[in-house]
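Colleague: First the structure, which I've put down as C-alpha cells, then a few questions once you've had a look.
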Amino acid sequence: MRKFALSDESVVVVIGSGAGGGTLANELAQRGINVVCLEAGKRLAAHEVVNDEATMFERFTWFDRRIGSGIAPKDFPVWTCKTVGGTTMHWTASCPRMQEHEFRAHSTYGDIADANLVDWPIGLQKLAPYYERAEDKMGITGTHGIERLPGNNNYKVLAAGARAVGYHDMDTNNVAINSKPRDGRASCLQLGFCTSGCVVQAKWSTLYTEISKAETTEHFELRAESMVVRINHDATGRAASVEYIDKAGQRHVQRARIVCVAGNAVETTRLLLNSSSEHFPAGLANSSDQVGRNYMRHFALPVIGIMPGPVNIHRGTHQAGIVKDERHHDPKRGFKGGFLFLTVPFTPEIISKIILKDLWGERLVQVMEQYDHMAAMLVHGEDMPQQSNRISLHATEKDANGLPVPVVHYEDHPNTKTMKKYAAQKGRAVYEALGAKEIFTAQDVFPATHNMGVARMGTNPQNSVCNSWGQTHDIKNLFISDGSLFPTVGCENPTLTIVALVIRQADYIEQALKKGVL
Amino acid sequence: MDRRQFILRMSRIAVAISAAGWFVQARAGSASGTDVNAHNQAALMAELSYQLLPIQAPQSAIYQSVVHALMSQLTQRPGAAELIRQGVEAFNGFAGKPWLELTAKERRQVIQALFDTPFVSMVRWTTQEVVLRDRQVWSQLGYQGSSIEKGGYLLRGFDDIDWLPVASGETK
C-alpha cells in the first residue's frame with residue numbers, strides 16, 4: 001500500500017472518510033491523483049461490525065463533547081460517527097433525489113422572513129448526470145435496472161394506511177442496499193437495524209466500497225485515528241499543510257497541494273474556524289461570515305401506532321418504504337416546501353427511553369408490552385436556512401485535543417413549526433385509518449443526523465462560502481466536500497446529493513490539475 | 001409537544017405542586033433524616049428503578065443490576081456521587097420519613113413530584129439501558145435482537161403480515 005511523506009506537497013489531503021471524503025478520495029485516486037485521507041476514527045474490522053444497535057452505537061459514534069443550544073439536545077446535539085466510513089456506517093441508505101424546485105428554493109418560495117433563502121448555483125439538470133453516476137456507484141435500487149427491495153411488514157402497514165387516506169406515490173424507496181449481489185457485495189438478508197452497520201455489507205458504506213477500491217490503486221493512503229486540528233496557509237493565502245494528532249497523541253504536519261474538508265457540518269465548521277490566522281482572522285474561507293451559519297437539518301418526527309395485529313418493526317430494512325405525496329411544494333397547506341414519510345424501526349430501549357420519555361410505571365409497561373404490534377414511521381421535511389442557526393466555537397471550553405468545543409445552536413423556523421404540526425397530523429391519520437389503538441408522536445427528541453449548510457455554495461462570495469464546485473471563494477485550493485455545501489436542503493435524505501456533488505468536484509479538480517491552475 | 005403530551009405534562013405539574021405543598025409541610029416537622037448510608041441508597045434506587053419500569057417482579061435481580069450500573073457511574077461520571085446523595089436525600093426528605101417506608105401510592109406520588117429532577121432522569125435512563133437490553137425482557141416484549149445468526153428475516157417473517165386490508169388489484 002502506498003505511503004506518502006509528510007513533506008510531499010503534491011498530494012491532495014482529504015479530511016474525513018465518509019460519504020463525501022471517502023467517495024472523493026476514491027474518485028481522485030482512480031484518476032491517478034495522489035490522496036492522503038485523514039480520518040479521526042478507528043478502522044473497524046469486518047468482525048467488529050455486529051447486528052446489535054447498542055453495541056454499534058458505542059463502537060462508532062462520535063462522542064467528543066459538543067454542546068447543544070436552542071432545541072438541539074444539550075449534551076448530544078448531533079449523531080455522527082467517528083470511524084472509517086464516517087456516517088455511512090450508521091446511515092439508512094435512503095437515496096431519493098432532490099426535486100427540481102428544491103434547487104430553486106428562493107425563486108420558488110419567494111422571500112421568507114428570517115430565512116436566508118437562496119437558489120443553488122446549479123440545478124437538477126446540471127446535477128442529473130452526477131446523480132446517475134452516484135446511483136450506479138452506490139447500486140441504488142429502482143435505478144439502472146436494479147430491482148427494488150421487497151417491502152417488510154412495517155412498509156406494508158405504511159403503504160396500506162397511506163392508500164387509505166388517499167396517497168398513491170409510494171414504493172420501497174431508492175436505497176443503496178443490494179437487492180441482488182452486486183459489485184462484490186452480498187444482497188440484503190432483511191437483518192433489521194441498518195443503523196448498526198451492515199454485517200453482510202449489502203448496504204453501501206465507504207469503509208468497504210470507496211476506501212477499499214482506493215486502496216487497490218497506487219494513489220491512496222488512509223491514516224485512521226488522525227484527528228485534524230488545523231489547516232495552515234502560506235504567505236500568499238493558499239492552503240499549504242494540515243496538522244493532525246495521531247492515536248499516540250503525536251502531532252504531525254502533512255504538506256498538501258489541495259485540501260478537501262469533509263468532516264460533517266460540525267467538524268468542518270470547527271476546523272475552518274479554528275484555523276484562523278492573522279491573514280484570515282475570522283477563520284478560513286470566512287470572509288462572508290457565513291461559515292457555521294445557515295445550519296440546517298431535517299426535523300425527524302417519529303410516529304408510532306399500536307396496530308390491531310402484529311407488525312414486528314424490527315424485522316427487515318430500516319427505511320424500507322417511502323410515501324412521497326406530501327413532498328411537493330403546495331402553499332395551500334400553509335407552509336413552504338414538503339416532507340416525506342419513511343418507515344423506521346426502533347428498539348424497545350429507544351422507544352421507551354426517548355420517544356415515550358414522559359411515561360413511566362405501569363402505563364409505560366402497558367405500552368411497551370405491545371412492542372410487536374407497533375408500526376413506526378419517521379417524517380422529515382425541508383428546513384429553512386437561518387443566519388442565527390449556527391455552529392460556533394465555545395469561548396472557553398476545550399476538548400481532550402485542546403480544541404474548542406463546538407456549540408450547535410438550532411431553533412425551528414416558523415415555517416418548520418407549521419409543517420411539523422401538519423405532518424404529525426398526517427402521519428397519525430395513516431395509522432388511524434387502519435384502526436390503530438393508540439398513536440404516539442414526539443418532537444425534538446433526536447439528535448440531528450442530517451447536518452447541512454454551514455459552508456454553502458453560491459455565486460456571490462459575499463453571502464456564500466464556495467462556488468458550485470465546492471471550491472472556497474477565498475482560498476482556491478481549499479474545497480468543502482460534504483453536506484456543508486447545501487444552500488438549501490429539500491426534504492430528501494442528503495447522502496446521494498453529497499456523493500453526486502463530490503463526483504462533480506473530483507471532475508473539476510482533475511481538470512484544474514491538468515490545466516495547472518491548482 | 002402534542003396535545004396528549006401537553007395534558008400529561010400539565011397533570012404532572014398539578015400533582016407536583018399539590019404533592020410539594022403536602023410534603024413541604026411534613027418535611028418541616030422532621031429533624032434530619034438525611035444521613036443515608038450506601039446500603040439505603042442502593043435499596044432506594046432499586047425500588048425506584050422498579051417503580052419506573054415495573055416489567056419484572058420487584059425482587060428481580062435486574063433491578064440490582066441497575067443499581068450496580070448506577071454505582072459504577074460514581075467513578076466514571078464527575079458529580080454522580082453528589083447527584084445520588086442529593087437525590088436520595090430529596091426522596092427521603094420529601095415526606096418527612098424514608099421513602100421506602102411510604103405506601104406504594106405515596107412512593108409513586110413522590111416519583112411524580114420529582115420526575116423531572118436529574119436524579120430521577122439518571123435512574124430512569126440507566127434503568128432503560130439495563131432492563132431493555134436484557135434478552136429475557138426482549139423476548140417478553142417480542143423483540144428478537146440480532147438476527148444474523150439465523151440468516152436475518154428474509155426467510156423468517158419480514159413480510160408475514162396477514163391482517164391488513166387487501167387493496168384493490170392486490171393479492172395477499
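Residues are referred to by chain and number: the chain letter is A, B, ... according to the order shown in the C-alpha cells, the number counts from 1 in that chain, and ligands are numbered separately from 1 in the order shown.
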List the spatial neighbours of segment 137-147 of chain B as a PyMOL selection string - criterion: any atom at most 10 Å away, only C-alpha atoms, same-chain residues fewer than 2 positions off excluded.

Modeller: (chain A and resi 50-53+189-193+310+312-316+347-349+365+368-373) or (chain B and resi 55-56+62+131-135+149-153+156)

Colleague: Find, counting only C-alpha atoms, the residue in B:Val166, B:Leu102, B:Ala80, B:Leu70 that gets nearest to Ser49 of chain B.

Modeller: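 Counting only C-alpha atoms, the residue closest to Ser49 of chain B is B:Leu70.
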
Colleague: Under the rule that only C-alpha atoms are counted, which of B:Val110, B:Ile161, B:Ala38, B:Val123 is the nearest residue to chain A?

Modeller: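 Among the listed residues, the smallest separation from chain A belongs to B:Ile161.
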
Colleague: Applying 12 Å and only C-alpha atoms, which residues near Glu135 of chain A remain after dropping the ones on its own chain fewer than 4 positions away? List them as a VMD selection string.

Modeller: chain A and resid 93 to 97 128 to 131 139 to 146 174 to 178 204 495 to 500 503

Colleague: Grab the residues selected above and save them as a CSV table (one decimal), in the first residue's frame with N, CA and C atoms.

Modeller:
```csv
chain,number,residue,atom,x,y,z
A,93,ALA,N,-29.2,4.5,4.2
A,93,ALA,CA,-29.1,4.2,2.8
A,93,ALA,C,-30.2,4.7,1.9
A,94,SER,N,-31.0,5.5,2.5
A,94,SER,CA,-32.2,6.1,1.8
A,94,SER,C,-31.7,7.2,0.8
A,95,CYS,N,-32.0,7.0,-0.5
A,95,CYS,CA,-31.4,7.8,-1.5
A,95,CYS,C,-32.4,8.5,-2.5
A,96,PRO,N,-33.4,9.1,-2.1
A,96,PRO,CA,-34.2,9.9,-3.1
A,96,PRO,C,-33.4,11.1,-3.6
A,97,ARG,N,-33.6,11.4,-4.9
A,97,ARG,CA,-33.0,12.6,-5.4
A,97,ARG,C,-33.8,13.8,-4.9
A,128,ALA,N,-28.0,16.2,-12.7
A,128,ALA,CA,-28.6,14.9,-13.1
A,128,ALA,C,-27.5,13.8,-13.5
A,129,PRO,N,-26.5,14.2,-14.4
A,129,PRO,CA,-25.5,13.2,-14.8
A,129,PRO,C,-24.7,12.7,-13.6
A,130,TYR,N,-24.6,13.5,-12.6
A,130,TYR,CA,-23.8,13.1,-11.4
A,130,TYR,C,-24.7,12.2,-10.5
A,131,TYR,N,-25.9,12.5,-10.5
A,131,TYR,CA,-26.9,11.6,-9.8
A,131,TYR,C,-26.8,10.3,-10.4
A,139,GLY,N,-25.2,1.6,-6.3
A,139,GLY,CA,-26.1,0.4,-6.5
A,139,GLY,C,-27.5,0.7,-6.0
A,140,ILE,N,-28.1,1.8,-6.3
A,140,ILE,CA,-29.3,2.2,-5.7
A,140,ILE,C,-30.5,1.5,-6.4
A,141,THR,N,-31.3,0.9,-5.6
A,141,THR,CA,-32.5,0.2,-6.1
A,141,THR,C,-33.4,1.1,-6.8
A,142,GLY,N,-34.1,0.6,-7.8
A,142,GLY,CA,-35.0,1.4,-8.6
A,142,GLY,C,-34.3,2.3,-9.6
A,143,THR,N,-33.0,2.2,-9.7
A,143,THR,CA,-32.3,2.9,-10.7
A,143,THR,C,-31.4,1.9,-11.5
A,144,HIS,N,-31.0,2.3,-12.7
A,144,HIS,CA,-30.1,1.5,-13.5
A,144,HIS,C,-30.5,0.0,-13.6
A,145,GLY,N,-31.8,-0.2,-13.6
A,145,GLY,CA,-32.3,-1.6,-13.8
A,145,GLY,C,-32.1,-2.4,-12.5
A,146,ILE,N,-31.8,-1.8,-11.4
A,146,ILE,CA,-31.6,-2.5,-10.1
A,146,ILE,C,-32.9,-2.7,-9.5
A,174,ASN,N,-35.7,4.2,-2.9
A,174,ASN,CA,-34.4,4.0,-3.6
A,174,ASN,C,-33.4,3.9,-2.5
A,175,VAL,N,-32.8,2.7,-2.3
A,175,VAL,CA,-31.9,2.6,-1.3
A,175,VAL,C,-30.5,2.0,-1.8
A,176,ALA,N,-29.5,2.4,-1.2
A,176,ALA,CA,-28.1,1.9,-1.5
A,176,ALA,C,-27.9,0.6,-0.8
A,177,ILE,N,-28.8,-0.3,-1.0
A,177,ILE,CA,-28.7,-1.7,-0.4
A,177,ILE,C,-28.9,-2.7,-1.5
A,178,ASN,N,-28.1,-3.6,-1.6
A,178,ASN,CA,-28.2,-4.6,-2.7
A,178,ASN,C,-29.4,-5.5,-2.6
A,204,TRP,N,-24.3,0.0,1.1
A,204,TRP,CA,-23.1,0.8,0.7
A,204,TRP,C,-22.6,1.6,1.9
A,495,THR,N,-27.5,12.1,1.5
A,495,THR,CA,-26.2,11.5,1.1
A,495,THR,C,-26.1,11.3,-0.4
A,496,LEU,N,-27.1,11.0,-1.1
A,496,LEU,CA,-27.0,10.8,-2.5
A,496,LEU,C,-26.5,12.1,-3.2
A,497,THR,N,-27.1,13.2,-2.7
A,497,THR,CA,-26.7,14.5,-3.3
A,497,THR,C,-25.2,14.9,-2.9
A,498,ILE,N,-24.8,14.5,-1.7
A,498,ILE,CA,-23.4,14.7,-1.3
A,498,ILE,C,-22.5,13.9,-2.3
A,499,VAL,N,-22.8,12.7,-2.5
A,499,VAL,CA,-22.0,11.8,-3.4
A,499,VAL,C,-22.0,12.4,-4.8
A,500,ALA,N,-23.1,12.8,-5.3
A,500,ALA,CA,-23.2,13.4,-6.6
A,500,ALA,C,-22.3,14.7,-6.7
A,503,ILE,N,-18.5,13.8,-6.7
A,503,ILE,CA,-18.1,13.2,-8.0
A,503,ILE,C,-17.8,14.4,-9.0
```

Colleague: Run DSSP on the backbone and give me the residues of segment 38-169 of chain B it puts in alpha helix (DSSP H), as an NGL selection string.

Modeller: :B and (38-52 or 61-76 or 80-94 or 104-114 or 118-131 or 135-141)

Colleague: Find the distance between atom CA of Leu301 of chain A and atom CA of Val130 of chain B and write it in Å to one decimal.

Modeller: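 Going from atom CA of Leu301 of chain A over to atom CA of Val130 of chain B covers 25.9 Å.
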
Colleague: Which polymer residues have any atom within 9 Å of an atom of Arg107 of chain B, counting only C-alpha atoms, with same-chain residues fewer than 6 positions away left out, as number ranges by chain?

Modeller: B: 48, 51, 91, 99-101

Colleague: Using the chain letters and numbers from this document, which residues of segment 275-304 of chain A does DSSP assign to strand (DSSP E or B), as a list in words?

Modeller: Met296, Leu301, Pro302, Val303 and Ile304 of chain A

Colleague: I'd like the interatomic distance between atom CA of Arg77 of chain B and atom CA of Gln41 of chain B, to a tenth of an Å.

Modeller: 17.4 Å

Colleague: Show me, as number ranges by chain, the residues that have an atom within 8 Å of Leu53 of chain B when counting only C-alpha atoms, minus same-chain residues fewer than 4 positions from it.

Modeller: A: 360-362, 364-365; B: 49, 127-128

Colleague: Keeping only N, CA and C atoms, write the selected residues as an mmCIF file, in the first residue's frame.

Modeller:
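Writing done, so here's result-v6.cif:
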```
data_model
loop_
_atom_site.group_PDB
_atom_site.id
_atom_site.type_symbol
_atom_site.label_atom_id
_atom_site.label_comp_id
_atom_site.auth_asym_id
_atom_site.auth_seq_id
_atom_site.Cartn_x
_atom_site.Cartn_y
_atom_site.Cartn_z
ATOM 1 N N TRP A 360 -43.997 6.418 32.540
ATOM 2 C CA TRP A 360 -43.262 5.556 33.467
ATOM 3 C C TRP A 360 -44.249 4.658 34.196
ATOM 4 N N GLY A 361 -43.706 3.694 34.899
ATOM 5 C CA GLY A 361 -44.551 2.831 35.723
ATOM 6 C C GLY A 361 -45.407 1.879 34.887
ATOM 7 N N GLU A 362 -46.554 1.504 35.450
ATOM 8 C CA GLU A 362 -47.430 0.528 34.801
ATOM 9 C C GLU A 362 -47.860 0.978 33.404
ATOM 10 N N LEU A 364 -46.193 2.785 31.245
ATOM 11 C CA LEU A 364 -45.104 2.552 30.296
ATOM 12 C C LEU A 364 -45.024 1.072 29.935
ATOM 13 N N VAL A 365 -45.143 0.221 30.932
ATOM 14 C CA VAL A 365 -45.065 -1.225 30.679
ATOM 15 C C VAL A 365 -46.224 -1.661 29.778
ATOM 16 N N SER B 49 -36.054 2.186 40.588
ATOM 17 C CA SER B 49 -35.889 1.596 39.258
ATOM 18 C C SER B 49 -37.086 0.707 38.920
ATOM 19 N N THR B 127 -31.992 2.620 34.073
ATOM 20 C CA THR B 127 -32.966 1.522 34.104
ATOM 21 C C THR B 127 -33.292 1.044 32.694
ATOM 22 N N GLN B 128 -33.546 2.006 31.815
ATOM 23 C CA GLN B 128 -33.891 1.635 30.433
ATOM 24 C C GLN B 128 -32.732 0.894 29.780
#
```

Colleague: Neighbouring residues of segment 409-412 of chain A were defined as those with any atom within 8 Å, considering only C-alpha atoms; residues of the same chain fewer than 4 positions away were excluded. Please report them as a ChimeraX atom specification.

Modeller: /A:68-72,295,388-391,416-417
